[in-house]
Amino acid sequence: MTTIKDRLIGRLESKDAVIGIVGLGYVGLPLMLRYNEIGYRVLGIDIDSGKVEKLNAGRSYIEHISSERIAQARDTGFEATADFSRVAEADAVILCVPTPLNKYREPDISFVINTVDALKAHLREGQVISLESTTYPGTTEEELLPRVEEGELEVGESLFLVYSPEREDPGNPDFETRTIPKVVGGHTPACREVGVALYRPAIDQVVPLSSTRAAEMTKLLENIHRAVNIGLVNEMKIVADRMGIDIFEVVDAAATKPFGFTPYYPGPGLGGHCIPIDPFYLTWKAREYGLHTRFIELSGEINQAMPDYVVNKLIEGLNQRGKALKGSRVLVLGIAYKKNVDDMRESPSVFIMERIRDRGAEVAYSDPHVPSFPPMREHHFDLESVPLSPAALAEYDAVILATDHDRFDYDMIRAHARLIVDTRGIYRGESDERVIKA
Ligand SMILES: NC(=O)c1ccc[n+]([C@@H]2O[C@H](COP(=O)([O-])OP(=O)(O)OC[C@H]3O[C@@H](n4cnc5c(N)ncnc54)[C@H](O)[C@@H]3O)[C@@H](O)[C@H]2O)c1
């Protein structure tokens, strides 16, 4: 007798299944493109009707995803909607909504909960729900499971529930959705089997795990590993600087060891939607078990202090030239949180700009990926990107190299800036008294 599970797996394997993607952002859009490219019909659902309209008109709103690709997907079965009742058309429902921290730095899973609350009345037999948003261990079981089972549906029998963390690395040319292995944990063995059938056609390597909790924890381990190691190397940077040693030379040298060492580079602080945020999801959950996550707290403290470290270096450099920061003109180079992208979320450049402005300096920025300072919830600058030229550079008392975009002309910057605070080791190994390593 064919079961509901067998029929769903059959539809996924034959590509008759409709893939529903809820949350068409940095994670949801590339996933949509991947399923579209291999021949599935994809229905995208988002609460932001502006995005829905743009995507349906064949236009992208993310710099590294071209409008041509969206238009091509539109021509081959992709459709976006803000109508949640249409989720019933989908065989797979993949949730890619934000999971930020609230102002007390505690998990805010309201987007996940609101999404499931909006969808649950429209769920039907024979669907698989996959949560991809980063979250603490237990979210799928504690928050999704009771909600999706409110009606007649039984998870593992008529509906299937999995957690499969997204590992998107925007702007990284070496990996794409297909080539990044995908971890999948199911609520039951049948859920896991369906989860594997969902991702196997789209992703080269699927890694099944024993539970949704193990999959949730895996994602957190990956990002905590990064946050802690970046914190470590940022602390090493401060020590090396005091000792007159170039930390970038040291990291590069250590990286020649062919085993047992992974290079992490120091910088002006953590940015993006993941590394500064995700570790604290575990910190919060661990408290429920009476445990403290000391590595996470310590690296958070070190990494959050980096913008101040950079500003202090700027103050020292100006001081050596007989200038105060107050009244100086400072140009910040790169305000996206990492190289070659336009994403500003949690960008340390913004904290640096605020501290400079608060001290009475005039602050400007240049970023080829961010033509004007975007509206942000907690930060406001009424600024346009300054086009870089020898004359423009010479107008500022100092520049801070905060994000190392490939599109910057570093020779021109070195030749014409009066003072450079280099947070990215661009001018490593060069001795120039106008360059301050930070
Ligand atoms: N950006 C990354 O590089 C990355 C990498 C790995 C994991 N993640 C994780 O993936 C998740 C999504 O991140 P993102 O970067 O794609 O976020 P995003 O903000 O780019 O996209 C989220 C989308 O969800 C939509 N949305 C919000 N609430 C909704 C709701 N109730 N119903 C439907 N749509 C809704 C928003 O309008 C937006 O389009 C987060 O948990 C994040 O931690 C992100």
# chains A, B, ... in the order shown; residues from 1 in each chain; ligands from 1
>>> closest_atom_pairs(of="chain A", to="ligand 1", cutoff="7 Å", atoms="only C-alpha atoms and all ligand atoms", output="JSON lines")
{"residue": "A:Val22", "atom": "CA", "partner": "ligand 1", "partner_atom_place_in_ligand_line": "33 (C)", "distance": 5.1}
{"residue": "A:Gly23", "atom": "CA", "partner": "ligand 1", "partner_atom_place_in_ligand_line": "24 (O)", "distance": 3.3}
{"residue": "A:Leu24", "atom": "CA", "partner": "ligand 1", "partner_atom_place_in_ligand_line": "39 (O)", "distance": 4.4}
{"residue": "A:Gly25", "atom": "CA", "partner": "ligand 1", "partner_atom_place_in_ligand_line": "21 (O)", "distance": 3.2}
{"residue": "A:Tyr26", "atom": "CA", "partner": "ligand 1", "partner_atom_place_in_ligand_line": "16 (O)", "distance": 3.8}
{"residue": "A:Val27", "atom": "CA", "partner": "ligand 1", "partner_atom_place_in_ligand_line": "16 (O)", "distance": 3.7}
{"residue": "A:Gly28", "atom": "CA", "partner": "ligand 1", "partner_atom_place_in_ligand_line": "16 (O)", "distance": 5.6}
{"residue": "A:Ile45", "atom": "CA", "partner": "ligand 1", "partner_atom_place_in_ligand_line": "33 (C)", "distance": 5.9}
{"residue": "A:Asp46", "atom": "CA", "partner": "ligand 1", "partner_atom_place_in_ligand_line": "34 (N)", "distance": 3.7}
{"residue": "A:Ile47", "atom": "CA", "partner": "ligand 1", "partner_atom_place_in_ligand_line": "33 (C)", "distance": 4.6}
{"residue": "A:Asp48", "atom": "CA", "partner": "ligand 1", "partner_atom_place_in_ligand_line": "37 (O)", "distance": 4.7}
{"residue": "A:Lys51", "atom": "CA", "partner": "ligand 1", "partner_atom_place_in_ligand_line": "39 (O)", "distance": 7.0}
{"residue": "A:Cys96", "atom": "CA", "partner": "ligand 1", "partner_atom_place_in_ligand_line": "12 (C)", "distance": 4.7}
{"residue": "A:Val97", "atom": "CA", "partner": "ligand 1", "partner_atom_place_in_ligand_line": "24 (O)", "distance": 4.0}
{"residue": "A:Pro98", "atom": "CA", "partner": "ligand 1", "partner_atom_place_in_ligand_line": "40 (C)", "distance": 4.1}
{"residue": "A:Thr99", "atom": "CA", "partner": "ligand 1", "partner_atom_place_in_ligand_line": "41 (O)", "distance": 4.3}
{"residue": "A:Phe111", "atom": "CA", "partner": "ligand 1", "partner_atom_place_in_ligand_line": "31 (N)", "distance": 4.9}
{"residue": "A:Val112", "atom": "CA", "partner": "ligand 1", "partner_atom_place_in_ligand_line": "31 (N)", "distance": 6.5}
{"residue": "A:Asn114", "atom": "CA", "partner": "ligand 1", "partner_atom_place_in_ligand_line": "31 (N)", "distance": 5.1}
{"residue": "A:Thr115", "atom": "CA", "partner": "ligand 1", "partner_atom_place_in_ligand_line": "31 (N)", "distance": 3.9}
{"residue": "A:Glu132", "atom": "CA", "partner": "ligand 1", "partner_atom_place_in_ligand_line": "10 (O)", "distance": 6.2}
{"residue": "A:Ser133", "atom": "CA", "partner": "ligand 1", "partner_atom_place_in_ligand_line": "41 (O)", "distance": 3.2}
{"residue": "A:Thr134", "atom": "CA", "partner": "ligand 1", "partner_atom_place_in_ligand_line": "41 (O)", "distance": 4.1}
{"residue": "A:Thr135", "atom": "CA", "partner": "ligand 1", "partner_atom_place_in_ligand_line": "41 (O)", "distance": 6.7}
{"residue": "A:Pro165", "atom": "CA", "partner": "ligand 1", "partner_atom_place_in_ligand_line": "7 (C)", "distance": 6.7}
{"residue": "A:Glu166", "atom": "CA", "partner": "ligand 1", "partner_atom_place_in_ligand_line": "7 (C)", "distance": 4.6}
{"residue": "A:Arg167", "atom": "CA", "partner": "ligand 1", "partner_atom_place_in_ligand_line": "6 (C)", "distance": 4.5}
{"residue": "A:Glu168", "atom": "CA", "partner": "ligand 1", "partner_atom_place_in_ligand_line": "5 (C)", "distance": 4.4}
{"residue": "A:Asp169", "atom": "CA", "partner": "ligand 1", "partner_atom_place_in_ligand_line": "3 (O)", "distance": 5.2}
{"residue": "A:Pro170", "atom": "CA", "partner": "ligand 1", "partner_atom_place_in_ligand_line": "3 (O)", "distance": 5.6}
{"residue": "A:His273", "atom": "CA", "partner": "ligand 1", "partner_atom_place_in_ligand_line": "1 (N)", "distance": 5.8}
{"residue": "A:Cys274", "atom": "CA", "partner": "ligand 1", "partner_atom_place_in_ligand_line": "43 (O)", "distance": 5.2}
{"residue": "A:Asp278", "atom": "CA", "partner": "ligand 1", "partner_atom_place_in_ligand_line": "43 (O)", "distance": 6.9}
>>> write_last_selection(atoms="N, CA and C atoms", output="compact mmCIF listing (two decimals), in the first residue's frame")
# COMPACT_ATOMS: atom_id res chain seq x y z
N VAL A 22 8.87 30.41 1.88
CA VAL A 22 8.30 31.52 2.65
C VAL A 22 9.44 32.38 3.18
N GLY A 23 9.48 33.64 2.74
CA GLY A 23 10.59 34.54 3.08
C GLY A 23 11.56 34.59 1.92
N LEU A 24 11.40 35.61 1.07
CA LEU A 24 12.20 35.66 -0.17
C LEU A 24 13.36 36.64 0.00
N GLY A 25 14.25 36.31 0.97
CA GLY A 25 15.38 37.20 1.25
C GLY A 25 16.69 36.62 0.76
N TYR A 26 17.76 36.96 1.46
CA TYR A 26 19.11 36.51 1.08
C TYR A 26 19.20 34.99 1.02
N VAL A 27 18.38 34.31 1.84
CA VAL A 27 18.39 32.85 1.86
C VAL A 27 17.34 32.28 0.92
N GLY A 28 16.12 32.79 1.00
CA GLY A 28 15.01 32.24 0.22
C GLY A 28 15.16 32.40 -1.29
N ILE A 45 6.42 33.02 -1.06
CA ILE A 45 5.46 33.77 -0.23
C ILE A 45 6.24 34.73 0.66
N ASP A 46 5.83 35.99 0.67
CA ASP A 46 6.51 36.98 1.52
C ASP A 46 5.48 37.99 1.99
N ILE A 47 5.65 38.50 3.24
CA ILE A 47 4.70 39.51 3.72
C ILE A 47 4.94 40.88 3.09
N ASP A 48 6.13 41.06 2.52
CA ASP A 48 6.49 42.36 1.97
C ASP A 48 5.95 42.46 0.53
N LYS A 51 8.30 43.63 -2.27
CA LYS A 51 9.21 42.62 -2.83
C LYS A 51 8.46 41.71 -3.79
N CYS A 96 12.13 30.53 5.43
CA CYS A 96 13.41 31.25 5.45
C CYS A 96 13.18 32.67 5.95
N VAL A 97 12.60 32.80 7.12
CA VAL A 97 12.27 34.14 7.65
C VAL A 97 13.33 34.55 8.68
N PRO A 98 13.41 35.84 8.99
CA PRO A 98 14.49 36.31 9.87
C PRO A 98 14.35 35.80 11.30
N THR A 99 15.52 35.65 11.96
CA THR A 99 15.56 35.31 13.39
C THR A 99 16.57 36.25 14.06
N PHE A 111 9.10 36.14 14.02
CA PHE A 111 8.86 36.00 12.57
C PHE A 111 8.49 34.55 12.24
N VAL A 112 9.20 33.63 12.89
CA VAL A 112 8.92 32.21 12.65
C VAL A 112 7.52 31.88 13.15
N ASN A 114 4.96 33.93 13.77
CA ASN A 114 3.90 34.60 12.97
C ASN A 114 3.69 33.89 11.64
N THR A 115 4.79 33.43 11.06
CA THR A 115 4.67 32.74 9.77
C THR A 115 3.86 31.45 9.94
N GLU A 132 14.37 26.64 7.90
CA GLU A 132 15.79 26.88 7.59
C GLU A 132 16.38 28.01 8.42
N SER A 133 15.52 28.83 9.04
CA SER A 133 16.04 29.96 9.82
C SER A 133 16.91 29.46 10.95
N THR A 134 17.99 30.17 11.23
CA THR A 134 18.88 29.80 12.33
C THR A 134 18.15 30.01 13.65
N THR A 135 18.27 29.04 14.56
CA THR A 135 17.55 29.19 15.82
C THR A 135 18.13 28.27 16.89
N PRO A 165 19.31 23.74 8.34
CA PRO A 165 19.85 25.10 8.39
C PRO A 165 20.43 25.55 7.06
N GLU A 166 20.21 26.82 6.77
CA GLU A 166 20.78 27.43 5.57
C GLU A 166 22.25 27.76 5.83
N ARG A 167 23.08 27.55 4.79
CA ARG A 167 24.51 27.88 4.94
C ARG A 167 24.97 28.85 3.87
N GLU A 168 24.07 29.66 3.40
CA GLU A 168 24.39 30.63 2.35
C GLU A 168 25.56 31.54 2.77
N ASP A 169 26.48 31.80 1.83
CA ASP A 169 27.57 32.74 2.11
C ASP A 169 27.57 33.78 0.99
N PRO A 170 26.74 34.83 1.14
CA PRO A 170 26.54 35.77 0.04
C PRO A 170 27.87 36.37 -0.45
N HIS A 273 23.94 39.19 9.40
CA HIS A 273 22.77 38.72 10.11
C HIS A 273 23.07 37.48 10.95
N CYS A 274 24.29 36.92 10.83
CA CYS A 274 24.52 35.62 11.47
C CYS A 274 25.50 35.64 12.64
N ASP A 278 23.66 34.80 16.03
CA ASP A 278 23.31 33.40 16.27
C ASP A 278 23.87 32.82 17.57
>>> residues_around(residues="Cys191 in chain A", least_positions_apart="6", cutoff="7 Å", atoms="only C-alpha atoms", output="list in words")
Gly156, Phe160, Leu161 and Val162 of chain A
>>> write_last_selection(atoms="N, CA and C atoms", output="PDB file, in the first residue's frame")
ATOM      1  N   GLY A 156       4.734  13.080  10.903  1.00  0.00           N
ATOM      2  CA  GLY A 156       5.347  11.754  10.756  1.00  0.00           C
ATOM      3  C   GLY A 156       4.433  10.791  10.016  1.00  0.00           C
ATOM      4  N   PHE A 160       5.000  16.232   7.376  1.00  0.00           N
ATOM      5  CA  PHE A 160       6.383  15.899   7.724  1.00  0.00           C
ATOM      6  C   PHE A 160       7.114  17.187   8.109  1.00  0.00           C
ATOM      7  N   LEU A 161       7.900  17.080   9.181  1.00  0.00           N
ATOM      8  CA  LEU A 161       8.511  18.284   9.745  1.00  0.00           C
ATOM      9  C   LEU A 161      10.023  18.079   9.849  1.00  0.00           C
ATOM     10  N   VAL A 162      10.775  19.017   9.244  1.00  0.00           N
ATOM     11  CA  VAL A 162      12.234  18.905   9.319  1.00  0.00           C
ATOM     12  C   VAL A 162      12.853  20.261   9.639  1.00  0.00           C
TER      13      VAL A 162
END
>>> closest_residue(among="A:Leu101, A:Ala197, A:Leu144, A:Ile38", to="Gly10 in chain A", atoms="only C-alpha atoms")
A:Ala197
>>> residues_around(residues="Tyr40 in chain A", least_positions_apart="2", cutoff="8 Å", atoms="only C-alpha atoms", output="list in words")
Lys15, Asp16, Ala17, Val18, Ile19, Tyr35, Asn36, Glu37, Ile38, Val42 and Gly77 of chain A
>>> write_last_selection(atoms="N, CA and C atoms", output="PDB file, in the first residue's frame")
ATOM      1  N   LYS A  15       9.724  15.539  -9.609  1.00  0.00           N
ATOM      2  CA  LYS A  15       9.667  17.003  -9.800  1.00  0.00           C
ATOM      3  C   LYS A  15       8.261  17.507 -10.123  1.00  0.00           C
ATOM      4  N   ASP A  16       7.255  16.687  -9.796  1.00  0.00           N
ATOM      5  CA  ASP A  16       5.870  17.182  -9.904  1.00  0.00           C
ATOM      6  C   ASP A  16       5.515  18.039  -8.696  1.00  0.00           C
ATOM      7  N   ALA A  17       6.309  17.920  -7.651  1.00  0.00           N
ATOM      8  CA  ALA A  17       6.013  18.659  -6.414  1.00  0.00           C
ATOM      9  C   ALA A  17       6.181  20.154  -6.644  1.00  0.00           C
ATOM     10  N   VAL A  18       5.320  20.933  -5.976  1.00  0.00           N
ATOM     11  CA  VAL A  18       5.473  22.397  -5.992  1.00  0.00           C
ATOM     12  C   VAL A  18       6.252  22.773  -4.735  1.00  0.00           C
ATOM     13  N   ILE A  19       7.288  23.595  -4.918  1.00  0.00           N
ATOM     14  CA  ILE A  19       8.115  24.004  -3.780  1.00  0.00           C
ATOM     15  C   ILE A  19       7.649  25.389  -3.329  1.00  0.00           C
ATOM     16  N   TYR A  35      15.759  25.630  -7.154  1.00  0.00           N
ATOM     17  CA  TYR A  35      14.660  24.706  -7.474  1.00  0.00           C
ATOM     18  C   TYR A  35      14.079  25.016  -8.850  1.00  0.00           C
ATOM     19  N   ASN A  36      14.027  26.289  -9.185  1.00  0.00           N
ATOM     20  CA  ASN A  36      13.513  26.672 -10.504  1.00  0.00           C
ATOM     21  C   ASN A  36      14.423  26.114 -11.600  1.00  0.00           C
ATOM     22  N   GLU A  37      15.718  26.265 -11.377  1.00  0.00           N
ATOM     23  CA  GLU A  37      16.703  25.855 -12.383  1.00  0.00           C
ATOM     24  C   GLU A  37      16.638  24.359 -12.687  1.00  0.00           C
ATOM     25  N   ILE A  38      16.261  23.548 -11.672  1.00  0.00           N
ATOM     26  CA  ILE A  38      16.233  22.112 -11.936  1.00  0.00           C
ATOM     27  C   ILE A  38      14.826  21.622 -12.285  1.00  0.00           C
ATOM     28  N   VAL A  42       7.977  26.794  -8.455  1.00  0.00           N
ATOM     29  CA  VAL A  42       8.228  27.368  -7.130  1.00  0.00           C
ATOM     30  C   VAL A  42       7.251  28.497  -6.860  1.00  0.00           C
ATOM     31  N   GLY A  77       7.980  29.338 -14.420  1.00  0.00           N
ATOM     32  CA  GLY A  77       7.149  28.764 -13.352  1.00  0.00           C
ATOM     33  C   GLY A  77       7.276  29.355 -11.979  1.00  0.00           C
TER      34      GLY A  77
END
>>> residues_around(residues="Gly267 in chain A", least_positions_apart="2", cutoff="10 Å", atoms="only C-alpha atoms", output="ChimeraX atom specification")
/A:230-231,233-234,237,264-265,269-270,303,306-307,310,348,402-403,422-425,438
>>> write_last_selection(atoms="N, CA and C atoms", output="PDB file, in the first residue's frame")
ATOM      1  N   ILE A 230      37.150  34.450  15.633  1.00  0.00           N
ATOM      2  CA  ILE A 230      37.373  35.860  15.260  1.00  0.00           C
ATOM      3  C   ILE A 230      37.681  36.668  16.528  1.00  0.00           C
ATOM      4  N   GLY A 231      36.973  36.354  17.622  1.00  0.00           N
ATOM      5  CA  GLY A 231      37.269  37.023  18.895  1.00  0.00           C
ATOM      6  C   GLY A 231      38.705  36.764  19.323  1.00  0.00           C
ATOM      7  N   VAL A 233      41.324  36.019  17.441  1.00  0.00           N
ATOM      8  CA  VAL A 233      42.324  36.684  16.607  1.00  0.00           C
ATOM      9  C   VAL A 233      42.251  38.210  16.808  1.00  0.00           C
ATOM     10  N   ASN A 234      41.073  38.730  17.151  1.00  0.00           N
ATOM     11  CA  ASN A 234      40.994  40.157  17.462  1.00  0.00           C
ATOM     12  C   ASN A 234      41.759  40.475  18.746  1.00  0.00           C
ATOM     13  N   LYS A 237      45.345  40.397  17.927  1.00  0.00           N
ATOM     14  CA  LYS A 237      45.718  41.615  17.182  1.00  0.00           C
ATOM     15  C   LYS A 237      46.165  42.720  18.143  1.00  0.00           C
ATOM     16  N   TYR A 264      41.803  32.730  10.635  1.00  0.00           N
ATOM     17  CA  TYR A 264      40.740  33.726  10.793  1.00  0.00           C
ATOM     18  C   TYR A 264      41.448  35.063  10.855  1.00  0.00           C
ATOM     19  N   TYR A 265      40.854  36.087  10.253  1.00  0.00           N
ATOM     20  CA  TYR A 265      41.535  37.376  10.196  1.00  0.00           C
ATOM     21  C   TYR A 265      40.843  38.389  11.098  1.00  0.00           C
ATOM     22  N   GLY A 269      35.275  44.431  13.708  1.00  0.00           N
ATOM     23  CA  GLY A 269      34.137  43.934  14.486  1.00  0.00           C
ATOM     24  C   GLY A 269      33.314  43.004  13.632  1.00  0.00           C
ATOM     25  N   LEU A 270      32.337  42.356  14.244  1.00  0.00           N
ATOM     26  CA  LEU A 270      31.508  41.396  13.508  1.00  0.00           C
ATOM     27  C   LEU A 270      30.345  42.098  12.829  1.00  0.00           C
ATOM     28  N   ASN A 303      34.702  41.125  20.418  1.00  0.00           N
ATOM     29  CA  ASN A 303      34.319  41.563  19.067  1.00  0.00           C
ATOM     30  C   ASN A 303      33.527  42.865  19.101  1.00  0.00           C
ATOM     31  N   MET A 306      35.602  46.105  19.186  1.00  0.00           N
ATOM     32  CA  MET A 306      36.485  46.433  18.062  1.00  0.00           C
ATOM     33  C   MET A 306      36.220  47.815  17.439  1.00  0.00           C
ATOM     34  N   PRO A 307      34.944  48.218  17.237  1.00  0.00           N
ATOM     35  CA  PRO A 307      34.753  49.563  16.677  1.00  0.00           C
ATOM     36  C   PRO A 307      35.416  50.643  17.536  1.00  0.00           C
ATOM     37  N   VAL A 310      39.144  50.684  16.937  1.00  0.00           N
ATOM     38  CA  VAL A 310      39.480  51.346  15.660  1.00  0.00           C
ATOM     39  C   VAL A 310      39.403  52.870  15.828  1.00  0.00           C
ATOM     40  N   PRO A 348      29.868  46.775  11.364  1.00  0.00           N
ATOM     41  CA  PRO A 348      30.653  47.539  12.345  1.00  0.00           C
ATOM     42  C   PRO A 348      30.996  48.939  11.847  1.00  0.00           C
ATOM     43  N   ALA A 402      37.465  50.197   6.326  1.00  0.00           N
ATOM     44  CA  ALA A 402      36.655  49.325   7.187  1.00  0.00           C
ATOM     45  C   ALA A 402      36.244  48.032   6.473  1.00  0.00           C
ATOM     46  N   THR A 403      35.925  48.114   5.190  1.00  0.00           N
ATOM     47  CA  THR A 403      35.518  46.920   4.434  1.00  0.00           C
ATOM     48  C   THR A 403      36.347  46.865   3.151  1.00  0.00           C
ATOM     49  N   ASP A 422      43.930  51.294   8.813  1.00  0.00           N
ATOM     50  CA  ASP A 422      43.705  50.070   8.025  1.00  0.00           C
ATOM     51  C   ASP A 422      43.262  48.940   8.953  1.00  0.00           C
ATOM     52  N   THR A 423      41.983  48.571   8.885  1.00  0.00           N
ATOM     53  CA  THR A 423      41.483  47.493   9.761  1.00  0.00           C
ATOM     54  C   THR A 423      41.543  46.127   9.090  1.00  0.00           C
ATOM     55  N   ARG A 424      41.951  46.075   7.815  1.00  0.00           N
ATOM     56  CA  ARG A 424      41.852  44.817   7.065  1.00  0.00           C
ATOM     57  C   ARG A 424      43.197  44.274   6.593  1.00  0.00           C
ATOM     58  N   GLY A 425      44.269  44.909   7.019  1.00  0.00           N
ATOM     59  CA  GLY A 425      45.587  44.415   6.627  1.00  0.00           C
ATOM     60  C   GLY A 425      45.872  44.577   5.146  1.00  0.00           C
ATOM     61  N   ALA A 438      44.943  48.893  12.478  1.00  0.00           N
ATOM     62  CA  ALA A 438      43.922  48.853  13.546  1.00  0.00           C
ATOM     63  C   ALA A 438      43.167  47.544  13.461  1.00  0.00           C
TER      64      ALA A 438
END
>>> residues_around(residues="range 366-380 of chain A", least_positions_apart="3", cutoff="8 Å", atoms="only C-alpha atoms", output="list in words")
Glu63, Leu331, Val332, Leu333, Gly334, Ile335, Ala336, Asn340, Val341, Asp342, Val350, Leu383, Glu384, Ser385, Val386, Pro387, Leu388, Arg407 and Phe408 of chain A
>>> write_last_selection(atoms="N, CA and C atoms", output="PDB file, in the first residue's frame")
ATOM      1  N   GLU A  63      21.747  42.921  -4.686  1.00  0.00           N
ATOM      2  CA  GLU A  63      22.761  43.252  -5.694  1.00  0.00           C
ATOM      3  C   GLU A  63      23.369  42.028  -6.381  1.00  0.00           C
ATOM      4  N   LEU A 331      36.644  59.966   6.433  1.00  0.00           N
ATOM      5  CA  LEU A 331      35.951  59.209   5.385  1.00  0.00           C
ATOM      6  C   LEU A 331      36.066  57.713   5.707  1.00  0.00           C
ATOM      7  N   VAL A 332      34.928  57.039   5.822  1.00  0.00           N
ATOM      8  CA  VAL A 332      34.938  55.595   6.092  1.00  0.00           C
ATOM      9  C   VAL A 332      34.804  54.864   4.754  1.00  0.00           C
ATOM     10  N   LEU A 333      35.760  53.984   4.471  1.00  0.00           N
ATOM     11  CA  LEU A 333      35.746  53.251   3.197  1.00  0.00           C
ATOM     12  C   LEU A 333      35.121  51.876   3.438  1.00  0.00           C
ATOM     13  N   GLY A 334      33.963  51.648   2.831  1.00  0.00           N
ATOM     14  CA  GLY A 334      33.276  50.362   2.974  1.00  0.00           C
ATOM     15  C   GLY A 334      32.338  50.378   4.159  1.00  0.00           C
ATOM     16  N   ILE A 335      31.039  50.381   3.902  1.00  0.00           N
ATOM     17  CA  ILE A 335      30.096  50.337   5.032  1.00  0.00           C
ATOM     18  C   ILE A 335      29.252  49.055   5.016  1.00  0.00           C
ATOM     19  N   ALA A 336      29.304  48.258   3.938  1.00  0.00           N
ATOM     20  CA  ALA A 336      28.683  46.924   3.980  1.00  0.00           C
ATOM     21  C   ALA A 336      29.482  46.104   4.989  1.00  0.00           C
ATOM     22  N   ASN A 340      32.568  43.062  -0.980  1.00  0.00           N
ATOM     23  CA  ASN A 340      31.880  42.762  -2.245  1.00  0.00           C
ATOM     24  C   ASN A 340      30.393  42.476  -2.128  1.00  0.00           C
ATOM     25  N   VAL A 341      29.761  42.871  -1.019  1.00  0.00           N
ATOM     26  CA  VAL A 341      28.302  42.741  -0.913  1.00  0.00           C
ATOM     27  C   VAL A 341      27.710  44.102  -0.541  1.00  0.00           C
ATOM     28  N   ASP A 342      26.365  44.194  -0.652  1.00  0.00           N
ATOM     29  CA  ASP A 342      25.698  45.459  -0.304  1.00  0.00           C
ATOM     30  C   ASP A 342      24.929  45.349   1.010  1.00  0.00           C
ATOM     31  N   VAL A 350      29.062  51.065  10.694  1.00  0.00           N
ATOM     32  CA  VAL A 350      28.025  51.996  11.149  1.00  0.00           C
ATOM     33  C   VAL A 350      28.296  52.419  12.597  1.00  0.00           C
ATOM     34  N   LEU A 383      23.352  60.424   4.080  1.00  0.00           N
ATOM     35  CA  LEU A 383      24.612  60.528   3.331  1.00  0.00           C
ATOM     36  C   LEU A 383      24.533  59.746   2.023  1.00  0.00           C
ATOM     37  N   GLU A 384      25.286  60.242   1.041  1.00  0.00           N
ATOM     38  CA  GLU A 384      25.476  59.517  -0.226  1.00  0.00           C
ATOM     39  C   GLU A 384      26.933  59.071  -0.269  1.00  0.00           C
ATOM     40  N   SER A 385      27.215  57.987  -0.989  1.00  0.00           N
ATOM     41  CA  SER A 385      28.591  57.518  -1.123  1.00  0.00           C
ATOM     42  C   SER A 385      29.438  58.560  -1.867  1.00  0.00           C
ATOM     43  N   VAL A 386      30.624  58.878  -1.316  1.00  0.00           N
ATOM     44  CA  VAL A 386      31.538  59.842  -1.946  1.00  0.00           C
ATOM     45  C   VAL A 386      32.320  59.114  -3.040  1.00  0.00           C
ATOM     46  N   PRO A 387      32.255  59.580  -4.295  1.00  0.00           N
ATOM     47  CA  PRO A 387      33.069  58.918  -5.330  1.00  0.00           C
ATOM     48  C   PRO A 387      34.554  59.146  -5.038  1.00  0.00           C
ATOM     49  N   LEU A 388      35.349  58.089  -5.098  1.00  0.00           N
ATOM     50  CA  LEU A 388      36.764  58.232  -4.743  1.00  0.00           C
ATOM     51  C   LEU A 388      37.576  58.793  -5.896  1.00  0.00           C
ATOM     52  N   ARG A 407      36.556  46.484  -5.343  1.00  0.00           N
ATOM     53  CA  ARG A 407      36.440  47.612  -6.276  1.00  0.00           C
ATOM     54  C   ARG A 407      37.163  48.876  -5.814  1.00  0.00           C
ATOM     55  N   PHE A 408      37.732  48.880  -4.614  1.00  0.00           N
ATOM     56  CA  PHE A 408      38.529  50.050  -4.201  1.00  0.00           C
ATOM     57  C   PHE A 408      39.881  50.036  -4.914  1.00  0.00           C
TER      58      PHE A 408
END
>>> atom_distance(atom1="CA of Val116 in chain A", atom2="CA of Thr140 in chain A")
10.9 Å
>>> select_by_dssp(residues="range 51-285 of chain A", states="strand (DSSP E)", output="list in words")
Phe78, Glu79, Ala80, Thr81, Ala92, Val93, Ile94, Leu95, Gln127, Val128, Ile129, Ser130, Leu131, Leu159, Phe160, Leu161, Val162, Tyr163, Lys182, Val183, Val184, Gly185, Gly186, Val206, Val207, Pro208 and Leu209 of chain A
>>> atom_distance(atom1="CA of Met243 in chain A", atom2="CA of Val399 in chain A")
24.5 Å
>>> residues_around(residues="Arg7 in chain A", least_positions_apart="3", cutoff="12 Å", atoms="only C-alpha atoms", output="MDAnalysis selection string")
chainID A and resid 1:4 10:14 16:17 91 125:128 157:159 194 197
>>> select_by_dssp(residues="range 236-347 of chain A", states="helix (DSSP H, G or I)", output="ChimeraX atom specification")
/A:236-242,247-254,279-288,294-304,306-320
>>> residues_around(residues="range 261-263 of chain A", least_positions_apart="5", cutoff="10 Å", atoms="only C-alpha atoms", output="list of chain:residue names")
A:Asn229, A:Ile230, A:Val233, A:Phe248, A:Val250, A:Val251, A:Asp252, A:Ala253, A:Ala254, A:Ala255, A:Thr256
>>> atom_distance(atom1="CA of Arg294 in chain A", atom2="CA of Leu232 in chain A")
13.3 Å
>>> closest_residue(among="A:Asp246, A:Asp358, A:Glu150, A:Glu235", to="Leu298 in chain A", atoms="only C-alpha atoms")
A:Glu235
